[in-house]
Amino acid sequence: MQSPATPHVFWQTTAVNKAQRSQRWGQTPLVVWLTGLSAAGKSTIAVALEAQLHQRGYATYLLDGDNIRHGLNQDLGFSETERAENVRRIGEAARLMVDAGLIVVVSSISPCRTQREAVRARFEPGEFHEVFISTPLQECERRDPKGLYKRARLGQVLQFTGISAPYEAPNHADVVVDTTDRPLSDCVQQVTTYILALQSSQV
C-alpha cells in the first residue's frame, strides 16, 4: 500500500498484528478522547481514569495534551493551523497505541469538531470514543488553576479557547460529564463504567 502524500513510501506489513497484540493483553483496544475547555477537569479525570483501569489489570497509556507539547509537539504554537496539526499528531500517536493493543486515554482541548471527527475517521469503527467534559466556561474561569483565563482576559494570552478562540462542543459525544459540583470519584466512575461495558461487550 502506497502513502497518498508520498507515493514512493510503502506500508511495511508486520509479523504481529493488532488482533494478536490485543489477545496478548486480553482486552479490546480503543481510545477514550476527553475534550473540553481548559480547567474543565479533563486531565484530572484522565489521570484518575487511567489509574482505575491500570488497577483493574488493563494495559493503558495516557496522552495528555500539555505533556505532548513538551516533546512530540514542541515545535507547534497556537495558531489555527498549528492547533489542527497538534490534534492530528495526537490522533496518530493514539492510533499507533491502539494498534499496539492498548486502551489509550487522551486529554486534549481539541476545540474544533471537524478535527476531532477527522481523528475518529482514522480509527476502525468502535475504536474511538469521545468524552465531552462539558463544565461551563463560567465554572472553568472561576477555577482558573494556572491563571490562564485571567491572562487571556488581559490580552496576555492570545488564541485562548473559550475567550479569544472558539470551542465547538461535540454534537453526539459518547459520554458527557459536567464536573460542576460533582465529586471527582463520580465523574471518573461514569467514564470507567462506560469503558468496562465496552470491554465486556466485546470479549
# chains A, B, ... in the order shown; residues from 1 in each chain; ligands from 1
>>> select_by_dssp(residues="chain A", states="helix (DSSP H, G or I)", output="JSON, numbers by chain")
{"A": [18, 19, 20, 21, 22, 23, 24, 25, 42, 43, 44, 45, 46, 47, 48, 49, 50, 51, 52, 53, 54, 55, 65, 66, 67, 68, 80, 81, 82, 83, 84, 85, 86, 87, 88, 89, 90, 91, 92, 93, 94, 95, 96, 97, 98, 99, 113, 114, 115, 116, 117, 118, 119, 120, 121, 137, 138, 139, 140, 141, 142, 143, 148, 149, 150, 151, 152, 153, 184, 185, 186, 187, 188, 189, 190, 191, 192, 193, 194, 195, 196, 197, 198, 199, 200, 201, 202]}
>>> residues_around(residues="Ile68 (chain A)", least_positions_apart="5", cutoff="10 Å", atoms="only C-alpha atoms", output="list of chain:residue names")
A:Leu63, A:Asn73, A:Gln74, A:Asn86, A:Arg89, A:Ile90, A:Ser108
>>> closest_residue(among="A:Arg122, A:His70, A:Arg142, A:His8", to="Leu96 (chain A)", atoms="only C-alpha atoms")
A:Arg122
>>> residues_around(residues="Val31 (chain A)", least_positions_apart="6", cutoff="8 Å", atoms="only C-alpha atoms", output="PyMOL selection string")
chain A and resi 94-95+98+103-106+127-129
>>> closest_residue(among="A:Arg182, A:Arg88, A:Arg24, A:Arg151", to="Ile163 (chain A)", atoms="only C-alpha atoms")
A:Arg151
>>> atom_distance(atom1="CA of Ser38 (chain A)", atom2="CA of Phe123 (chain A)")
25.7 Å
>>> residues_around(residues="Pro29 (chain A)", least_positions_apart="2", cutoff="10 Å", atoms="only C-alpha atoms", output="PyMOL selection string")
chain A and resi 18-19+21-23+25-27+31+58-60+95+97-104+126-128+199
>>> write_last_selection(atoms="N, CA, C and O atoms", output="mmCIF file, in the first residue's frame")
data_model
loop_
_atom_site.group_PDB
_atom_site.id
_atom_site.type_symbol
_atom_site.label_atom_id
_atom_site.label_comp_id
_atom_site.auth_asym_id
_atom_site.auth_seq_id
_atom_site.Cartn_x
_atom_site.Cartn_y
_atom_site.Cartn_z
ATOM 1 N N LYS A 18 -2.626 -6.378 15.133
ATOM 2 C CA LYS A 18 -3.352 -5.791 16.264
ATOM 3 C C LYS A 18 -4.153 -6.834 17.032
ATOM 4 O O LYS A 18 -4.190 -6.811 18.275
ATOM 5 N N ALA A 19 -4.789 -7.739 16.324
ATOM 6 C CA ALA A 19 -5.584 -8.774 16.995
ATOM 7 C C ALA A 19 -4.718 -9.634 17.911
ATOM 8 O O ALA A 19 -5.122 -9.985 19.026
ATOM 9 N N ARG A 21 -1.853 -8.697 19.297
ATOM 10 C CA ARG A 21 -1.420 -7.874 20.435
ATOM 11 C C ARG A 21 -2.552 -7.726 21.447
ATOM 12 O O ARG A 21 -2.337 -7.788 22.665
ATOM 13 N N SER A 22 -3.766 -7.519 20.945
ATOM 14 C CA SER A 22 -4.929 -7.393 21.824
ATOM 15 C C SER A 22 -5.143 -8.673 22.621
ATOM 16 O O SER A 22 -5.471 -8.637 23.817
ATOM 17 N N GLN A 23 -4.950 -9.802 21.959
ATOM 18 C CA GLN A 23 -5.111 -11.088 22.635
ATOM 19 C C GLN A 23 -4.070 -11.238 23.738
ATOM 20 O O GLN A 23 -4.365 -11.750 24.821
ATOM 21 N N TRP A 25 -2.784 -8.852 25.511
ATOM 22 C CA TRP A 25 -3.182 -8.010 26.636
ATOM 23 C C TRP A 25 -4.503 -8.471 27.257
ATOM 24 O O TRP A 25 -4.813 -8.113 28.388
ATOM 25 N N GLY A 26 -5.285 -9.237 26.489
ATOM 26 C CA GLY A 26 -6.576 -9.692 26.997
ATOM 27 C C GLY A 26 -7.600 -8.577 27.097
ATOM 28 O O GLY A 26 -8.384 -8.524 28.047
ATOM 29 N N GLN A 27 -7.609 -7.683 26.110
ATOM 30 C CA GLN A 27 -8.534 -6.550 26.137
ATOM 31 C C GLN A 27 -8.835 -6.084 24.725
ATOM 32 O O GLN A 27 -8.159 -6.465 23.772
ATOM 33 N N VAL A 31 -9.539 4.094 21.997
ATOM 34 C CA VAL A 31 -9.112 5.394 22.500
ATOM 35 C C VAL A 31 -10.312 6.089 23.131
ATOM 36 O O VAL A 31 -11.415 6.084 22.593
ATOM 37 N N TYR A 58 -5.794 -3.580 33.191
ATOM 38 C CA TYR A 58 -5.775 -3.211 31.781
ATOM 39 C C TYR A 58 -4.447 -2.541 31.417
ATOM 40 O O TYR A 58 -3.837 -1.847 32.239
ATOM 41 N N ALA A 59 -4.018 -2.763 30.187
ATOM 42 C CA ALA A 59 -2.811 -2.111 29.662
ATOM 43 C C ALA A 59 -3.227 -0.781 29.043
ATOM 44 O O ALA A 59 -4.023 -0.753 28.101
ATOM 45 N N THR A 60 -2.714 0.307 29.573
ATOM 46 C CA THR A 60 -3.187 1.642 29.198
ATOM 47 C C THR A 60 -2.028 2.581 28.896
ATOM 48 O O THR A 60 -0.872 2.306 29.219
ATOM 49 N N ARG A 95 -3.514 6.313 17.597
ATOM 50 C CA ARG A 95 -3.824 5.221 16.669
ATOM 51 C C ARG A 95 -2.734 4.145 16.706
ATOM 52 O O ARG A 95 -3.025 2.942 16.657
ATOM 53 N N MET A 97 -0.908 3.447 19.266
ATOM 54 C CA MET A 97 -1.026 2.757 20.550
ATOM 55 C C MET A 97 -2.215 1.801 20.571
ATOM 56 O O MET A 97 -2.156 0.736 21.190
ATOM 57 N N VAL A 98 -3.285 2.182 19.889
ATOM 58 C CA VAL A 98 -4.410 1.255 19.754
ATOM 59 C C VAL A 98 -3.976 0.051 18.928
ATOM 60 O O VAL A 98 -4.338 -1.092 19.232
ATOM 61 N N ASP A 99 -3.167 0.283 17.898
ATOM 62 C CA ASP A 99 -2.641 -0.817 17.104
ATOM 63 C C ASP A 99 -1.767 -1.740 17.957
ATOM 64 O O ASP A 99 -1.662 -2.938 17.691
ATOM 65 N N ALA A 100 -1.146 -1.173 18.990
ATOM 66 C CA ALA A 100 -0.327 -1.964 19.916
ATOM 67 C C ALA A 100 -1.185 -2.753 20.904
ATOM 68 O O ALA A 100 -0.656 -3.532 21.692
ATOM 69 N N GLY A 101 -2.502 -2.519 20.852
ATOM 70 C CA GLY A 101 -3.409 -3.272 21.709
ATOM 71 C C GLY A 101 -3.781 -2.581 23.002
ATOM 72 O O GLY A 101 -4.413 -3.181 23.879
ATOM 73 N N LEU A 102 -3.422 -1.306 23.146
ATOM 74 C CA LEU A 102 -3.643 -0.592 24.401
ATOM 75 C C LEU A 102 -4.999 0.121 24.455
ATOM 76 O O LEU A 102 -5.619 0.387 23.427
ATOM 77 N N ILE A 103 -5.418 0.429 25.674
ATOM 78 C CA ILE A 103 -6.512 1.368 25.905
ATOM 79 C C ILE A 103 -5.856 2.726 26.100
ATOM 80 O O ILE A 103 -5.073 2.916 27.034
ATOM 81 N N VAL A 104 -6.139 3.663 25.207
ATOM 82 C CA VAL A 104 -5.477 4.960 25.223
ATOM 83 C C VAL A 104 -6.445 6.025 25.730
ATOM 84 O O VAL A 104 -7.560 6.157 25.218
ATOM 85 N N GLY A 126 -15.896 1.727 16.205
ATOM 86 C CA GLY A 126 -15.940 1.240 17.578
ATOM 87 C C GLY A 126 -14.672 1.446 18.377
ATOM 88 O O GLY A 126 -14.632 1.104 19.567
ATOM 89 N N GLU A 127 -13.630 2.026 17.760
ATOM 90 C CA GLU A 127 -12.367 2.223 18.475
ATOM 91 C C GLU A 127 -12.238 3.608 19.104
ATOM 92 O O GLU A 127 -11.486 3.778 20.065
ATOM 93 N N PHE A 128 -12.937 4.591 18.562
ATOM 94 C CA PHE A 128 -12.807 5.973 19.038
ATOM 95 C C PHE A 128 -14.046 6.350 19.850
ATOM 96 O O PHE A 128 -15.170 6.256 19.350
ATOM 97 N N GLN A 199 -15.667 -3.153 27.153
ATOM 98 C CA GLN A 199 -14.769 -4.306 27.230
ATOM 99 C C GLN A 199 -15.559 -5.612 27.389
ATOM 100 O O GLN A 199 -15.268 -6.609 26.727
#
>>> closest_residue(among="A:Pro183, A:Pro166, A:Pro7, A:Pro125", to="Leu37 (chain A)", atoms="only C-alpha atoms")
A:Pro166
>>> select_by_dssp(residues="region 71-168 of chain A", states="strand (DSSP E or B)", output="JSON, numbers by chain")
{"A": [103, 104, 105, 106, 107, 128, 129, 130, 131, 132, 133, 161, 165]}
>>> closest_residue(among="A:Glu141, A:Glu130, A:Ala48, A:Cys112", to="Asp174 (chain A)", atoms="only C-alpha atoms")
A:Glu130
>>> atom_distance(atom1="CA of Val32 (chain A)", atom2="CA of Thr161 (chain A)")
21.3 Å
>>> residues_around(residues="Phe78 (chain A)", least_positions_apart="6", cutoff="9 Å", atoms="only C-alpha atoms", output="CSV table (one decimal) with N, CA, C and O atoms, in the first residue's frame")
chain,number,residue,atom,x,y,z
A,86,ASN,N,-1.6,19.9,15.9
A,86,ASN,CA,-1.4,19.3,17.2
A,86,ASN,C,-2.4,18.2,17.4
A,86,ASN,O,-2.1,17.1,17.9
A,158,LEU,N,-3.0,35.0,23.8
A,158,LEU,CA,-3.8,35.1,22.5
A,158,LEU,C,-4.3,33.7,22.1
A,158,LEU,O,-3.8,32.7,22.5
A,159,GLN,N,-5.4,33.7,21.3
A,159,GLN,CA,-6.0,32.5,20.8
A,159,GLN,C,-6.3,31.5,21.9
A,159,GLN,O,-6.0,30.3,21.8
A,160,PHE,N,-6.9,32.0,23.0
A,160,PHE,CA,-7.2,31.2,24.2
A,160,PHE,C,-8.6,30.6,24.0
A,160,PHE,O,-9.6,31.4,23.9
>>> decode(residues="region 149-160 of chain A", atoms="all heavy atoms", output="PDB file, in the first residue's frame")
ATOM      1  N   TYR A 149      -6.974  32.043  32.238  1.00  0.00           N
ATOM      2  CA  TYR A 149      -8.154  32.834  31.873  1.00  0.00           C
ATOM      3  C   TYR A 149      -7.943  34.303  32.220  1.00  0.00           C
ATOM      4  O   TYR A 149      -8.287  35.198  31.436  1.00  0.00           O
ATOM      5  CB  TYR A 149      -9.394  32.294  32.587  1.00  0.00           C
ATOM      6  CG  TYR A 149      -9.970  31.055  31.956  1.00  0.00           C
ATOM      7  CD1 TYR A 149      -9.701  29.792  32.483  1.00  0.00           C
ATOM      8  CD2 TYR A 149     -10.774  31.130  30.823  1.00  0.00           C
ATOM      9  CE1 TYR A 149     -10.224  28.643  31.904  1.00  0.00           C
ATOM     10  CE2 TYR A 149     -11.307  29.997  30.229  1.00  0.00           C
ATOM     11  CZ  TYR A 149     -11.023  28.749  30.780  1.00  0.00           C
ATOM     12  OH  TYR A 149     -11.544  27.618  30.191  1.00  0.00           O
ATOM     13  N   LYS A 150      -7.368  34.549  33.384  1.00  0.00           N
ATOM     14  CA  LYS A 150      -7.101  35.932  33.791  1.00  0.00           C
ATOM     15  C   LYS A 150      -6.164  36.602  32.797  1.00  0.00           C
ATOM     16  O   LYS A 150      -6.408  37.738  32.358  1.00  0.00           O
ATOM     17  CB  LYS A 150      -6.485  35.957  35.183  1.00  0.00           C
ATOM     18  CG  LYS A 150      -6.197  37.359  35.707  1.00  0.00           C
ATOM     19  CD  LYS A 150      -5.628  37.318  37.114  1.00  0.00           C
ATOM     20  CE  LYS A 150      -5.343  38.722  37.635  1.00  0.00           C
ATOM     21  NZ  LYS A 150      -4.788  38.695  39.017  1.00  0.00           N
ATOM     22  N   ARG A 151      -5.116  35.891  32.410  1.00  0.00           N
ATOM     23  CA  ARG A 151      -4.166  36.444  31.443  1.00  0.00           C
ATOM     24  C   ARG A 151      -4.812  36.626  30.073  1.00  0.00           C
ATOM     25  O   ARG A 151      -4.537  37.603  29.370  1.00  0.00           O
ATOM     26  CB  ARG A 151      -2.943  35.542  31.357  1.00  0.00           C
ATOM     27  CG  ARG A 151      -2.087  35.518  32.612  1.00  0.00           C
ATOM     28  CD  ARG A 151      -0.966  34.504  32.501  1.00  0.00           C
ATOM     29  NE  ARG A 151      -0.086  34.822  31.379  1.00  0.00           N
ATOM     30  CZ  ARG A 151       0.809  33.972  30.887  1.00  0.00           C
ATOM     31  NH1 ARG A 151       0.916  32.749  31.382  1.00  0.00           N
ATOM     32  NH2 ARG A 151       1.575  34.348  29.868  1.00  0.00           N
ATOM     33  N   ALA A 152      -5.697  35.709  29.700  1.00  0.00           N
ATOM     34  CA  ALA A 152      -6.389  35.826  28.412  1.00  0.00           C
ATOM     35  C   ALA A 152      -7.303  37.049  28.408  1.00  0.00           C
ATOM     36  O   ALA A 152      -7.397  37.760  27.394  1.00  0.00           O
ATOM     37  CB  ALA A 152      -7.191  34.560  28.138  1.00  0.00           C
ATOM     38  N   ARG A 153      -7.991  37.290  29.514  1.00  0.00           N
ATOM     39  CA  ARG A 153      -8.869  38.459  29.614  1.00  0.00           C
ATOM     40  C   ARG A 153      -8.077  39.765  29.508  1.00  0.00           C
ATOM     41  O   ARG A 153      -8.594  40.777  29.029  1.00  0.00           O
ATOM     42  CB  ARG A 153      -9.625  38.428  30.942  1.00  0.00           C
ATOM     43  CG  ARG A 153     -10.685  37.337  31.054  1.00  0.00           C
ATOM     44  CD  ARG A 153     -11.851  37.565  30.134  1.00  0.00           C
ATOM     45  NE  ARG A 153     -12.928  36.605  30.365  1.00  0.00           N
ATOM     46  CZ  ARG A 153     -13.992  36.481  29.588  1.00  0.00           C
ATOM     47  NH1 ARG A 153     -14.124  37.258  28.516  1.00  0.00           N
ATOM     48  NH2 ARG A 153     -14.930  35.592  29.857  1.00  0.00           N
ATOM     49  N   LEU A 154      -6.806  39.712  29.950  1.00  0.00           N
ATOM     50  CA  LEU A 154      -5.949  40.891  29.884  1.00  0.00           C
ATOM     51  C   LEU A 154      -5.240  41.015  28.542  1.00  0.00           C
ATOM     52  O   LEU A 154      -4.478  41.960  28.317  1.00  0.00           O
ATOM     53  CB  LEU A 154      -4.908  40.833  31.017  1.00  0.00           C
ATOM     54  CG  LEU A 154      -5.450  40.943  32.442  1.00  0.00           C
ATOM     55  CD1 LEU A 154      -4.347  40.679  33.454  1.00  0.00           C
ATOM     56  CD2 LEU A 154      -6.070  42.325  32.672  1.00  0.00           C
ATOM     57  N   GLY A 155      -5.485  40.051  27.657  1.00  0.00           N
ATOM     58  CA  GLY A 155      -4.860  40.082  26.352  1.00  0.00           C
ATOM     59  C   GLY A 155      -3.427  39.593  26.340  1.00  0.00           C
ATOM     60  O   GLY A 155      -2.704  39.768  25.357  1.00  0.00           O
ATOM     61  N   GLN A 156      -3.014  38.930  27.445  1.00  0.00           N
ATOM     62  CA  GLN A 156      -1.638  38.441  27.546  1.00  0.00           C
ATOM     63  C   GLN A 156      -1.467  37.047  26.954  1.00  0.00           C
ATOM     64  O   GLN A 156      -0.343  36.625  26.685  1.00  0.00           O
ATOM     65  CB  GLN A 156      -1.203  38.440  29.021  1.00  0.00           C
ATOM     66  CG  GLN A 156      -1.189  39.815  29.639  1.00  0.00           C
ATOM     67  CD  GLN A 156      -0.959  39.786  31.137  1.00  0.00           C
ATOM     68  OE1 GLN A 156      -0.887  38.715  31.759  1.00  0.00           O
ATOM     69  NE2 GLN A 156      -0.831  40.962  31.744  1.00  0.00           N
ATOM     70  N   VAL A 157      -2.572  36.322  26.785  1.00  0.00           N
ATOM     71  CA  VAL A 157      -2.557  35.014  26.131  1.00  0.00           C
ATOM     72  C   VAL A 157      -3.512  35.102  24.940  1.00  0.00           C
ATOM     73  O   VAL A 157      -4.722  35.308  25.125  1.00  0.00           O
ATOM     74  CB  VAL A 157      -3.005  33.885  27.086  1.00  0.00           C
ATOM     75  CG1 VAL A 157      -3.013  32.538  26.347  1.00  0.00           C
ATOM     76  CG2 VAL A 157      -2.092  33.818  28.303  1.00  0.00           C
ATOM     77  N   LEU A 158      -2.977  34.966  23.756  1.00  0.00           N
ATOM     78  CA  LEU A 158      -3.785  35.088  22.548  1.00  0.00           C
ATOM     79  C   LEU A 158      -4.310  33.725  22.117  1.00  0.00           C
ATOM     80  O   LEU A 158      -3.776  32.687  22.485  1.00  0.00           O
ATOM     81  CB  LEU A 158      -2.955  35.715  21.429  1.00  0.00           C
ATOM     82  CG  LEU A 158      -2.328  37.081  21.742  1.00  0.00           C
ATOM     83  CD1 LEU A 158      -1.518  37.563  20.550  1.00  0.00           C
ATOM     84  CD2 LEU A 158      -3.396  38.102  22.133  1.00  0.00           C
ATOM     85  N   GLN A 159      -5.363  33.729  21.340  1.00  0.00           N
ATOM     86  CA  GLN A 159      -5.961  32.494  20.817  1.00  0.00           C
ATOM     87  C   GLN A 159      -6.264  31.501  21.940  1.00  0.00           C
ATOM     88  O   GLN A 159      -5.958  30.309  21.841  1.00  0.00           O
ATOM     89  CB  GLN A 159      -5.036  31.859  19.774  1.00  0.00           C
ATOM     90  CG  GLN A 159      -4.858  32.672  18.512  1.00  0.00           C
ATOM     91  CD  GLN A 159      -6.187  32.838  17.750  1.00  0.00           C
ATOM     92  OE1 GLN A 159      -6.848  31.857  17.449  1.00  0.00           O
ATOM     93  NE2 GLN A 159      -6.556  34.073  17.463  1.00  0.00           N
ATOM     94  N   PHE A 160      -6.877  32.013  23.009  1.00  0.00           N
ATOM     95  CA  PHE A 160      -7.186  31.151  24.156  1.00  0.00           C
ATOM     96  C   PHE A 160      -8.624  30.639  24.029  1.00  0.00           C
ATOM     97  O   PHE A 160      -9.577  31.415  23.943  1.00  0.00           O
ATOM     98  CB  PHE A 160      -7.023  31.915  25.473  1.00  0.00           C
ATOM     99  CG  PHE A 160      -7.105  31.023  26.684  1.00  0.00           C
ATOM    100  CD1 PHE A 160      -6.026  30.226  27.041  1.00  0.00           C
ATOM    101  CD2 PHE A 160      -8.254  30.967  27.447  1.00  0.00           C
ATOM    102  CE1 PHE A 160      -6.094  29.396  28.152  1.00  0.00           C
ATOM    103  CE2 PHE A 160      -8.336  30.140  28.548  1.00  0.00           C
ATOM    104  CZ  PHE A 160      -7.255  29.344  28.904  1.00  0.00           C
TER     105      PHE A 160
END
